[in-house]
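The structure file coords.pdb is reproduced below (PDB, C-alpha atoms).
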```
ATOM      1  CA  MET H   1      93.205 179.707 128.887
ATOM      2  CA  ASP H   2      95.703 176.876 128.525
ATOM      3  CA  TYR H   3      96.154 174.417 131.381
ATOM      4  CA  PRO H   4      99.507 172.634 131.899
ATOM      5  CA  ASN H   5      99.596 169.007 130.754
ATOM      6  CA  ASN H   6      96.006 169.296 129.467
ATOM      7  CA  GLN H   7      94.688 169.191 133.014
ATOM      8  CA  ALA H   8      91.071 170.102 133.688
ATOM      9  CA  PRO H   9      90.254 173.536 135.162
ATOM     10  CA  GLY H  10      89.042 171.856 138.363
ATOM     11  CA  ALA H  11      92.267 169.932 138.909
ATOM     12  CA  PRO H  12      95.044 171.094 141.264
ATOM     13  CA  VAL H  13      97.364 173.623 139.621
ATOM     14  CA  ARG H  14     100.184 171.819 137.807
ATOM     15  CA  SER H  15      98.706 168.593 139.193
ATOM     16  CA  GLY H  16      99.954 169.556 142.651
ATOM     17  CA  ILE H  17     103.655 169.493 141.691
ATOM     18  CA  PRO H  18     105.706 172.021 143.721
ATOM     19  CA  GLU H  19     107.453 174.809 141.804
ATOM     20  CA  HIS H  20     110.872 173.369 142.726
ATOM     21  CA  GLY H  21     109.879 170.237 140.823
ATOM     22  CA  ARG H  22     110.778 167.718 143.523
ATOM     23  CA  ILE H  23     107.810 165.354 143.764
ATOM     24  CA  PRO H  24     107.382 163.357 147.004
ATOM     25  CA  LYS H  25     107.638 159.634 146.362
ATOM     26  CA  TYR H  26     104.221 158.925 147.872
ATOM     27  CA  TYR H  27     102.617 161.542 145.592
ATOM     28  CA  ALA H  28     104.184 160.032 142.474
ATOM     29  CA  ALA H  29     102.910 156.623 143.592
ATOM     30  CA  LYS H  30      99.484 158.097 144.283
ATOM     31  CA  ALA H  31      99.305 159.541 140.760
ATOM     32  CA  ARG H  32     100.181 156.172 139.192
ATOM     33  CA  ILE H  33      97.660 154.306 141.356
ATOM     34  CA  ASP H  34      95.030 156.933 140.555
ATOM     35  CA  GLN H  35      95.536 156.227 136.855
ATOM     36  CA  LEU H  36      95.109 152.513 137.579
ATOM     37  CA  ILE H  37      91.870 153.315 139.426
ATOM     38  CA  ARG H  38      90.502 155.096 136.355
ATOM     39  CA  GLU H  39      91.288 152.066 134.207
ATOM     40  CA  LEU H  40      89.760 149.532 136.599
ATOM     41  CA  GLY H  41      86.409 151.261 137.219
ATOM     42  CA  GLU H  42      84.005 151.355 140.160
ATOM     43  CA  GLY H  43      83.846 148.271 142.380
ATOM     44  CA  SER H  44      87.013 146.676 141.006
ATOM     45  CA  ALA H  45      89.540 145.312 143.471
ATOM     46  CA  ILE H  46      92.984 146.868 143.286
ATOM     47  CA  PRO H  47      96.207 144.876 143.649
ATOM     48  CA  THR H  48      97.697 144.319 147.090
ATOM     49  CA  GLU H  49     100.330 146.625 148.575
ATOM     50  CA  ARG H  50     102.950 144.021 147.784
ATOM     51  CA  ASP H  51     101.846 143.689 144.164
ATOM     52  CA  LEU H  52     101.732 147.460 143.683
ATOM     53  CA  SER H  53     105.168 147.789 145.267
ATOM     54  CA  GLU H  54     106.596 145.267 142.811
ATOM     55  CA  LYS H  55     104.661 146.693 139.856
ATOM     56  CA  TYR H  56     105.977 150.228 140.308
ATOM     57  CA  GLY H  57     109.302 149.424 141.975
ATOM     58  CA  ILE H  58     108.618 151.418 145.135
ATOM     59  CA  ALA H  59     108.636 150.683 148.850
ATOM     60  CA  ARG H  60     105.495 149.215 150.439
ATOM     61  CA  GLU H  61     105.372 152.041 153.000
ATOM     62  CA  THR H  62     105.226 154.522 150.116
ATOM     63  CA  VAL H  63     102.392 152.539 148.536
ATOM     64  CA  ARG H  64     100.620 152.378 151.906
ATOM     65  CA  GLN H  65     100.722 156.175 152.307
ATOM     66  CA  ALA H  66      99.418 156.689 148.755
ATOM     67  CA  LEU H  67      96.550 154.258 149.340
ATOM     68  CA  ARG H  68      95.729 155.880 152.680
ATOM     69  CA  GLU H  69      95.293 159.269 150.990
ATOM     70  CA  LEU H  70      93.204 157.817 148.165
ATOM     71  CA  VAL H  71      90.892 156.220 150.734
ATOM     72  CA  LEU H  72      90.551 159.488 152.657
ATOM     73  CA  GLU H  73      89.740 161.314 149.416
ATOM     74  CA  GLY H  74      87.038 158.793 148.561
ATOM     75  CA  ARG H  75      88.761 157.396 145.464
ATOM     76  CA  LEU H  76      89.110 153.979 147.131
ATOM     77  CA  ARG H  77      87.197 152.210 149.899
ATOM     78  CA  ARG H  78      87.995 149.290 152.165
ATOM     79  CA  GLN H  79      85.964 146.145 151.601
ATOM     80  CA  GLY H  80      86.645 143.198 153.852
ATOM     81  CA  ARG H  81      90.384 142.605 153.786
ATOM     82  CA  GLY H  82      90.827 144.277 150.417
ATOM     83  CA  THR H  83      90.446 147.661 148.753
ATOM     84  CA  VAL H  84      88.156 148.485 145.836
ATOM     85  CA  VAL H  85      87.527 151.464 143.579
ATOM     86  CA  ALA H  86      84.871 153.729 145.090
ATOM     87  CA  GLY H  87      81.968 155.249 143.182
ATOM     88  CA  PRO H  88      81.536 158.988 142.614
ATOM     89  CA  LYS H  89      80.757 161.198 145.594
ATOM     90  CA  LEU H  90      77.167 162.112 146.319
ATOM     91  CA  GLU H  91      76.443 165.759 145.503
ATOM     92  CA  GLN H  92      74.139 167.337 148.071
ATOM     93  CA  PRO H  93      72.673 170.761 147.257
ATOM     94  CA  LEU H  94      73.036 173.516 149.810
ATOM     95  CA  SER H  95      69.355 174.415 149.856
ATOM     96  CA  LEU H  96      66.177 173.829 151.823
ATOM     97  CA  ALA H  97      65.628 170.661 149.801
ATOM     98  CA  SER H  98      65.752 167.511 151.888
ATOM     99  CA  TYR H  99      68.485 164.885 151.972
ATOM    100  CA  THR H 100      65.985 162.488 150.377
ATOM    101  CA  GLU H 101      65.523 164.703 147.325
ATOM    102  CA  GLY H 102      69.251 165.236 146.882
ATOM    103  CA  VAL H 103      70.090 161.525 146.903
ATOM    104  CA  ARG H 104      67.200 160.539 144.644
ATOM    105  CA  ARG H 105      68.263 163.152 142.106
ATOM    106  CA  GLN H 106      71.445 161.135 141.584
ATOM    107  CA  GLY H 107      69.696 157.825 141.036
ATOM    108  CA  ARG H 108      70.486 156.492 144.500
ATOM    109  CA  THR H 109      68.023 155.138 147.060
ATOM    110  CA  PRO H 110      67.929 157.263 150.240
ATOM    111  CA  GLY H 111      67.205 155.796 153.633
ATOM    112  CA  ARG H 112      67.397 156.533 157.326
ATOM    113  CA  THR H 113      67.663 154.359 160.414
ATOM    114  CA  LEU H 114      66.440 155.619 163.776
ATOM    115  CA  VAL H 115      69.090 155.859 166.487
ATOM    116  CA  THR H 116      67.226 157.820 169.174
ATOM    117  CA  LEU H 117      64.013 159.773 169.629
ATOM    118  CA  ASP H 118      63.541 161.482 172.985
ATOM    119  CA  ARG H 119      62.135 164.668 174.496
ATOM    120  CA  PHE H 120      63.505 167.008 177.144
ATOM    121  CA  PRO H 121      63.205 170.634 178.319
ATOM    122  CA  CYS H 122      64.895 173.066 175.936
ATOM    123  CA  PRO H 123      68.329 173.926 177.403
ATOM    124  CA  ASP H 124      69.756 177.448 177.406
ATOM    125  CA  PRO H 125      72.195 176.994 174.469
ATOM    126  CA  LEU H 126      69.466 175.603 172.187
ATOM    127  CA  ALA H 127      67.050 178.346 173.216
ATOM    128  CA  ALA H 128      69.629 181.056 172.532
ATOM    129  CA  GLU H 129      70.466 179.625 169.121
ATOM    130  CA  THR H 130      66.950 178.977 167.857
ATOM    131  CA  GLY H 131      64.671 181.413 169.645
ATOM    132  CA  LEU H 132      62.728 178.639 171.359
ATOM    133  CA  GLU H 133      61.634 179.182 174.954
ATOM    134  CA  ARG H 134      63.960 177.909 177.640
ATOM    135  CA  GLY H 135      62.463 174.834 179.289
ATOM    136  CA  GLU H 136      59.770 174.174 176.659
ATOM    137  CA  PRO H 137      59.578 170.525 175.543
ATOM    138  CA  VAL H 138      61.668 169.670 172.480
ATOM    139  CA  TRP H 139      62.153 166.492 170.479
ATOM    140  CA  HIS H 140      65.592 165.162 169.595
ATOM    141  CA  LEU H 141      65.489 162.913 166.533
ATOM    142  CA  GLU H 142      68.775 161.172 165.654
ATOM    143  CA  ARG H 143      69.057 159.048 162.513
ATOM    144  CA  LEU H 144      71.688 157.359 160.371
ATOM    145  CA  LEU H 145      71.692 158.545 156.757
ATOM    146  CA  LEU H 146      71.859 155.846 154.079
ATOM    147  CA  ALA H 147      72.418 155.800 150.328
ATOM    148  CA  ASP H 148      71.736 152.429 148.702
ATOM    149  CA  ASP H 149      72.003 150.915 152.205
ATOM    150  CA  GLU H 150      75.488 152.393 152.666
ATOM    151  CA  ARG H 151      75.924 154.414 155.860
ATOM    152  CA  VAL H 152      76.992 157.904 154.806
ATOM    153  CA  GLY H 153      76.069 160.233 157.657
ATOM    154  CA  LEU H 154      74.397 160.972 160.969
ATOM    155  CA  GLU H 155      71.678 163.574 161.529
ATOM    156  CA  SER H 156      70.316 165.124 164.731
ATOM    157  CA  THR H 157      67.155 167.242 164.546
ATOM    158  CA  TYR H 158      65.762 169.349 167.394
ATOM    159  CA  VAL H 159      62.188 170.622 167.084
ATOM    160  CA  ALA H 160      59.612 171.970 169.554
ATOM    161  CA  VAL H 161      57.092 169.363 170.718
ATOM    162  CA  ALA H 162      54.369 171.996 170.252
ATOM    163  CA  ARG H 163      55.042 172.029 166.489
ATOM    164  CA  VAL H 164      54.865 168.231 166.059
ATOM    165  CA  PRO H 165      53.282 166.830 169.247
ATOM    166  CA  HIS H 166      52.833 163.286 167.880
ATOM    167  CA  LEU H 167      56.260 162.816 166.328
ATOM    168  CA  ASP H 168      56.812 159.685 168.398
ATOM    169  CA  THR H 169      53.647 157.973 167.125
ATOM    170  CA  ASP H 170      52.829 159.163 163.604
ATOM    171  CA  PHE H 171      56.258 159.697 162.020
ATOM    172  CA  GLU H 172      58.043 156.946 160.087
ATOM    173  CA  PRO H 173      61.739 157.232 161.038
ATOM    174  CA  ASP H 174      62.940 156.127 157.593
ATOM    175  CA  SER H 175      60.947 158.855 155.810
ATOM    176  CA  SER H 176      61.629 162.520 155.061
ATOM    177  CA  PHE H 177      61.106 164.833 158.037
ATOM    178  CA  TYR H 178      60.556 167.736 155.628
ATOM    179  CA  GLY H 179      57.835 165.763 153.878
ATOM    180  CA  TYR H 180      56.264 165.060 157.273
ATOM    181  CA  LEU H 181      56.199 168.785 158.088
ATOM    182  CA  HIS H 182      54.801 169.649 154.650
ATOM    183  CA  ASP H 183      51.929 167.198 155.111
ATOM    184  CA  ARG H 184      51.033 169.091 158.294
ATOM    185  CA  GLY H 185      50.968 172.465 156.606
ATOM    186  CA  ILE H 186      54.328 173.618 157.958
ATOM    187  CA  ALA H 187      56.456 175.359 155.323
ATOM    188  CA  PHE H 188      60.100 176.398 155.510
ATOM    189  CA  GLY H 189      60.838 180.083 155.117
ATOM    190  CA  ASP H 190      64.583 180.587 155.551
ATOM    191  CA  ALA H 191      67.573 179.099 157.322
ATOM    192  CA  ASP H 192      71.084 179.904 158.510
ATOM    193  CA  GLU H 193      73.682 177.272 157.674
ATOM    194  CA  ARG H 194      77.329 176.751 158.596
ATOM    195  CA  ILE H 195      79.737 174.099 157.289
ATOM    196  CA  GLU H 196      82.986 172.917 158.860
ATOM    197  CA  THR H 197      85.319 169.940 158.698
ATOM    198  CA  VAL H 198      85.646 167.798 161.820
ATOM    199  CA  LEU H 199      86.713 164.383 162.999
ATOM    200  CA  ALA H 200      83.911 162.155 164.234
ATOM    201  CA  THR H 201      83.697 161.285 167.905
ATOM    202  CA  PRO H 202      84.274 157.596 168.763
ATOM    203  CA  ARG H 203      80.486 157.125 169.062
ATOM    204  CA  GLU H 204      79.786 158.811 165.713
ATOM    205  CA  ALA H 205      82.522 156.851 163.944
ATOM    206  CA  LEU H 206      81.074 153.600 165.303
ATOM    207  CA  LEU H 207      77.538 154.497 164.169
ATOM    208  CA  VAL H 208      78.572 155.629 160.690
ATOM    209  CA  GLY H 209      81.121 152.834 160.335
ATOM    210  CA  THR H 210      84.182 154.977 159.564
ATOM    211  CA  PRO H 211      87.707 155.224 160.984
ATOM    212  CA  PRO H 212      87.980 157.978 163.620
ATOM    213  CA  ALA H 213      90.661 159.685 161.481
ATOM    214  CA  LEU H 214      88.362 160.106 158.462
ATOM    215  CA  PRO H 215      87.532 163.803 157.877
ATOM    216  CA  MET H 216      83.808 164.549 158.106
ATOM    217  CA  LEU H 217      81.703 167.440 156.815
ATOM    218  CA  LEU H 218      79.525 168.947 159.527
ATOM    219  CA  ILE H 219      76.533 171.148 158.693
ATOM    220  CA  HIS H 220      74.727 173.227 161.304
ATOM    221  CA  ARG H 221      71.309 174.552 160.285
ATOM    222  CA  VAL H 222      68.755 176.691 162.103
ATOM    223  CA  SER H 223      65.473 176.930 160.157
ATOM    224  CA  ARG H 224      62.412 179.115 160.458
ATOM    225  CA  ASP H 225      58.955 178.852 158.939
ATOM    226  CA  THR H 226      57.406 181.371 156.553
ATOM    227  CA  GLY H 227      56.238 183.424 159.522
ATOM    228  CA  GLY H 228      59.767 183.693 160.937
ATOM    229  CA  ARG H 229      59.044 181.346 163.859
ATOM    230  CA  PRO H 230      61.814 178.913 164.907
ATOM    231  CA  LEU H 231      61.290 175.506 163.328
ATOM    232  CA  GLU H 232      64.282 173.200 163.683
ATOM    233  CA  ARG H 233      67.916 172.969 164.608
ATOM    234  CA  VAL H 234      69.814 170.317 162.651
ATOM    235  CA  ARG H 235      73.317 168.888 163.054
ATOM    236  CA  SER H 236      74.226 166.799 160.005
ATOM    237  CA  LEU H 237      77.488 164.860 159.850
ATOM    238  CA  TYR H 238      78.512 163.544 156.424
ATOM    239  CA  ARG H 239      81.383 161.293 155.381
ATOM    240  CA  GLY H 240      84.037 163.453 153.742
ATOM    241  CA  ASP H 241      84.983 160.633 151.373
ATOM    242  CA  ARG H 242      81.420 160.164 150.112
ATOM    243  CA  PHE H 243      79.983 163.681 149.883
ATOM    244  CA  SER H 244      80.467 167.008 148.191
ATOM    245  CA  PHE H 245      78.141 170.001 148.354
ATOM    246  CA  THR H 246      76.895 172.247 145.587
ATOM    247  CA  THR H 247      75.155 175.592 145.382
ATOM    248  CA  HIS H 248      74.212 178.163 142.735
ATOM    249  CA  LEU H 249      75.351 181.737 143.239
ATOM    250  CA  ARG H 250      74.038 184.885 141.595
ATOM    251  CA  GLY H 251      75.646 188.304 141.364
TER
END
```

Would you mind writing the file's structure down as structure tokens?
Amino acid sequence: MDYPNNQAPGAPVRSGIPEHGRIPKYYAAKARIDQLIRELGEGSAIPTERDLSEKYGIARETVRQALRELVLEGRLRRQGRGTVVAGPKLEQPLSLASYTEGVRRQGRTPGRTLVTLDRFPCPDPLAAETGLERGEPVWHLERLLLADDERVGLESTYVAVARVPHLDTDFEPDSSFYGYLHDRGIAFGDADERIETVLATPREALLVGTPPALPMLLIHRVSRDTGGRPLERVRSLYRGDRFSFTTHLRG
């Protein structure tokens, strides 16, 4: 099959140009800046709004809108008072593999920073969703997700204290929770997962270090062990400009 203008199959149809052919000024500017990004390469600083405005003969507000979209899409990132070309997005598999495995597979160094670890009686909503007993002690483990020391997400894990009674004393917060469970003979059987796009709350945006208006990818997961017993409930928030998700489907 032929693709217009030699565009790749994964690109927007007709490069996103409406059928009536009238291209918004910001979109034309965005396309020209995107070409500049490809020429500069990862980590390179791009010219200022004023310089880009003069270079392409367009208004600074038009340039500003184009840059804003490129930042939201993860093509550019803010650094200090300037803007630089961002690296490729991290591809995280939709599987029972851990975050650690997914990041390492791409040659990046995974990490986590502990935000909170506390325990409380299982509330009704969590019990209804997971099958845990109402009022039984549960751990809440909240950690920042890192890739090469860059903050890329926030993860909350809820697990029954009875399954991992010494989580507060013998678990290293910067290590893989799945690896910790495996070392204790606990194996994952299956899970239900749901993905949606959201905006971070002010607290989440502050922790992850993103603007509140940046779209985020939110994954909800309820996991069970090989015996069908409830194991964990996870809420994982990922930066929409730094992540994409992959899976393999069979007919």

Apply the PyMOL selection byres ((chain H and resi 87) around 9) to the displayed file and report the matching residues as a ChimeraX atom specification.
/H:41-43,74-76,85-86,88-90,242

Could those selected residues go to a file with C-alpha atoms, as a short mmCIF file (atom, residue, chain, number, x, y, z; two decimals), keeping the file's coordinate frame?
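Generated output (part.cif):
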```
data_model
loop_
_atom_site.label_atom_id
_atom_site.label_comp_id
_atom_site.auth_asym_id
_atom_site.auth_seq_id
_atom_site.Cartn_x
_atom_site.Cartn_y
_atom_site.Cartn_z
CA GLY H 41 86.41 151.26 137.22
CA GLU H 42 84.00 151.35 140.16
CA GLY H 43 83.85 148.27 142.38
CA GLY H 74 87.04 158.79 148.56
CA ARG H 75 88.76 157.40 145.46
CA LEU H 76 89.11 153.98 147.13
CA VAL H 85 87.53 151.46 143.58
CA ALA H 86 84.87 153.73 145.09
CA PRO H 88 81.54 158.99 142.61
CA LYS H 89 80.76 161.20 145.59
CA LEU H 90 77.17 162.11 146.32
CA ARG H 242 81.42 160.16 150.11
#
```

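Of the listed residues (H:Val222, H:Pro211, H:Ile58, H:Tyr158), H:Tyr158 comes nearest to H:Cys122; the distances count all atoms listed in the file.
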
Output check: residues returned by the PyMOL selection byres ((chain H and resi 129) around 12), as JSON, numbers by chain
{"H": [122, 123, 124, 125, 126, 127, 128, 130, 131, 132, 133, 134, 158, 192, 220, 221, 222, 223, 224, 230, 231, 232, 233, 234]}

Can you translate the PyMOL selection byres ((chain H and resi 164) around 10) into the concrete residues it hits in this file, as a PyMOL selection string?
chain H and resi 138-139+159-163+165-168+170-171+180-181+184+186

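Nearest-residue note for H:Tyr26: choosing from H:Arg68, H:Arg112, H:Arg105, H:Arg235, the minimum distance belongs to H:Arg68, counting all atoms listed in the file.
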
Got a sec: who's within 8 Å of H:Leu154, counting all atoms listed in the file, leaving out chain neighbours fewer than 6 positions off, as a ChimeraX atom specification?
/H:142-145,204,207-208,236-238

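In terms of minimum interatomic distance to H:Thr169, H:Leu117 ranks closest within H:Leu214, H:Leu117, H:Ala191, H:Leu206, counting all atoms listed in the file.
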
Of the listed residues H:Ala205, H:Arg119, H:Gly135, H:Gly111, that which approaches H:Asp148 most closely, counting all atoms listed in the file:
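Once distances to H:Asp148 are computed over all atoms listed in the file, the minimum belongs to H:Gly111.
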
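Minimum distance to H:Glu61 across H:Arg229, H:Arg38, H:Arg78, H:Lys25 (counting only C-alpha atoms) occurs at H:Lys25.
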
Using the file's own x, y and z axes, what box holds all listed atoms of stretch 120-129 of chain H with 5 Å on each side, keeping edges along x, y and z, and what are its centre and edge lengths in Å to one decimal, as JSON?
```
{"center_x": 67.7, "center_y": 174.0, "center_z": 173.7, "size_x": 19.0, "size_y": 24.0, "size_z": 19.2}
```

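You will find atom CA of H:Glu49 at 18.1 Å from atom CA of H:Glu73.
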
How many Å separate atom CA of H:Thr210 from atom CA of H:Glu150?
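Calculated distance between atom CA of H:Thr210 and atom CA of H:Glu150 is 11.4 Å.
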
Select, from H:Gly153, H:Leu36, H:Gly227, H:Phe177, the residue with the minimum atom-to-atom distance to H:Ala200, counting only C-alpha atoms.
H:Gly153

Which residues are close to H:Asp149, i.e. within 8 Å by only C-alpha atoms, leaving aside same-chain residues fewer than 3 positions away? Reply as a list of chain:residue names.
H:Thr109, H:Pro110, H:Gly111, H:Leu146
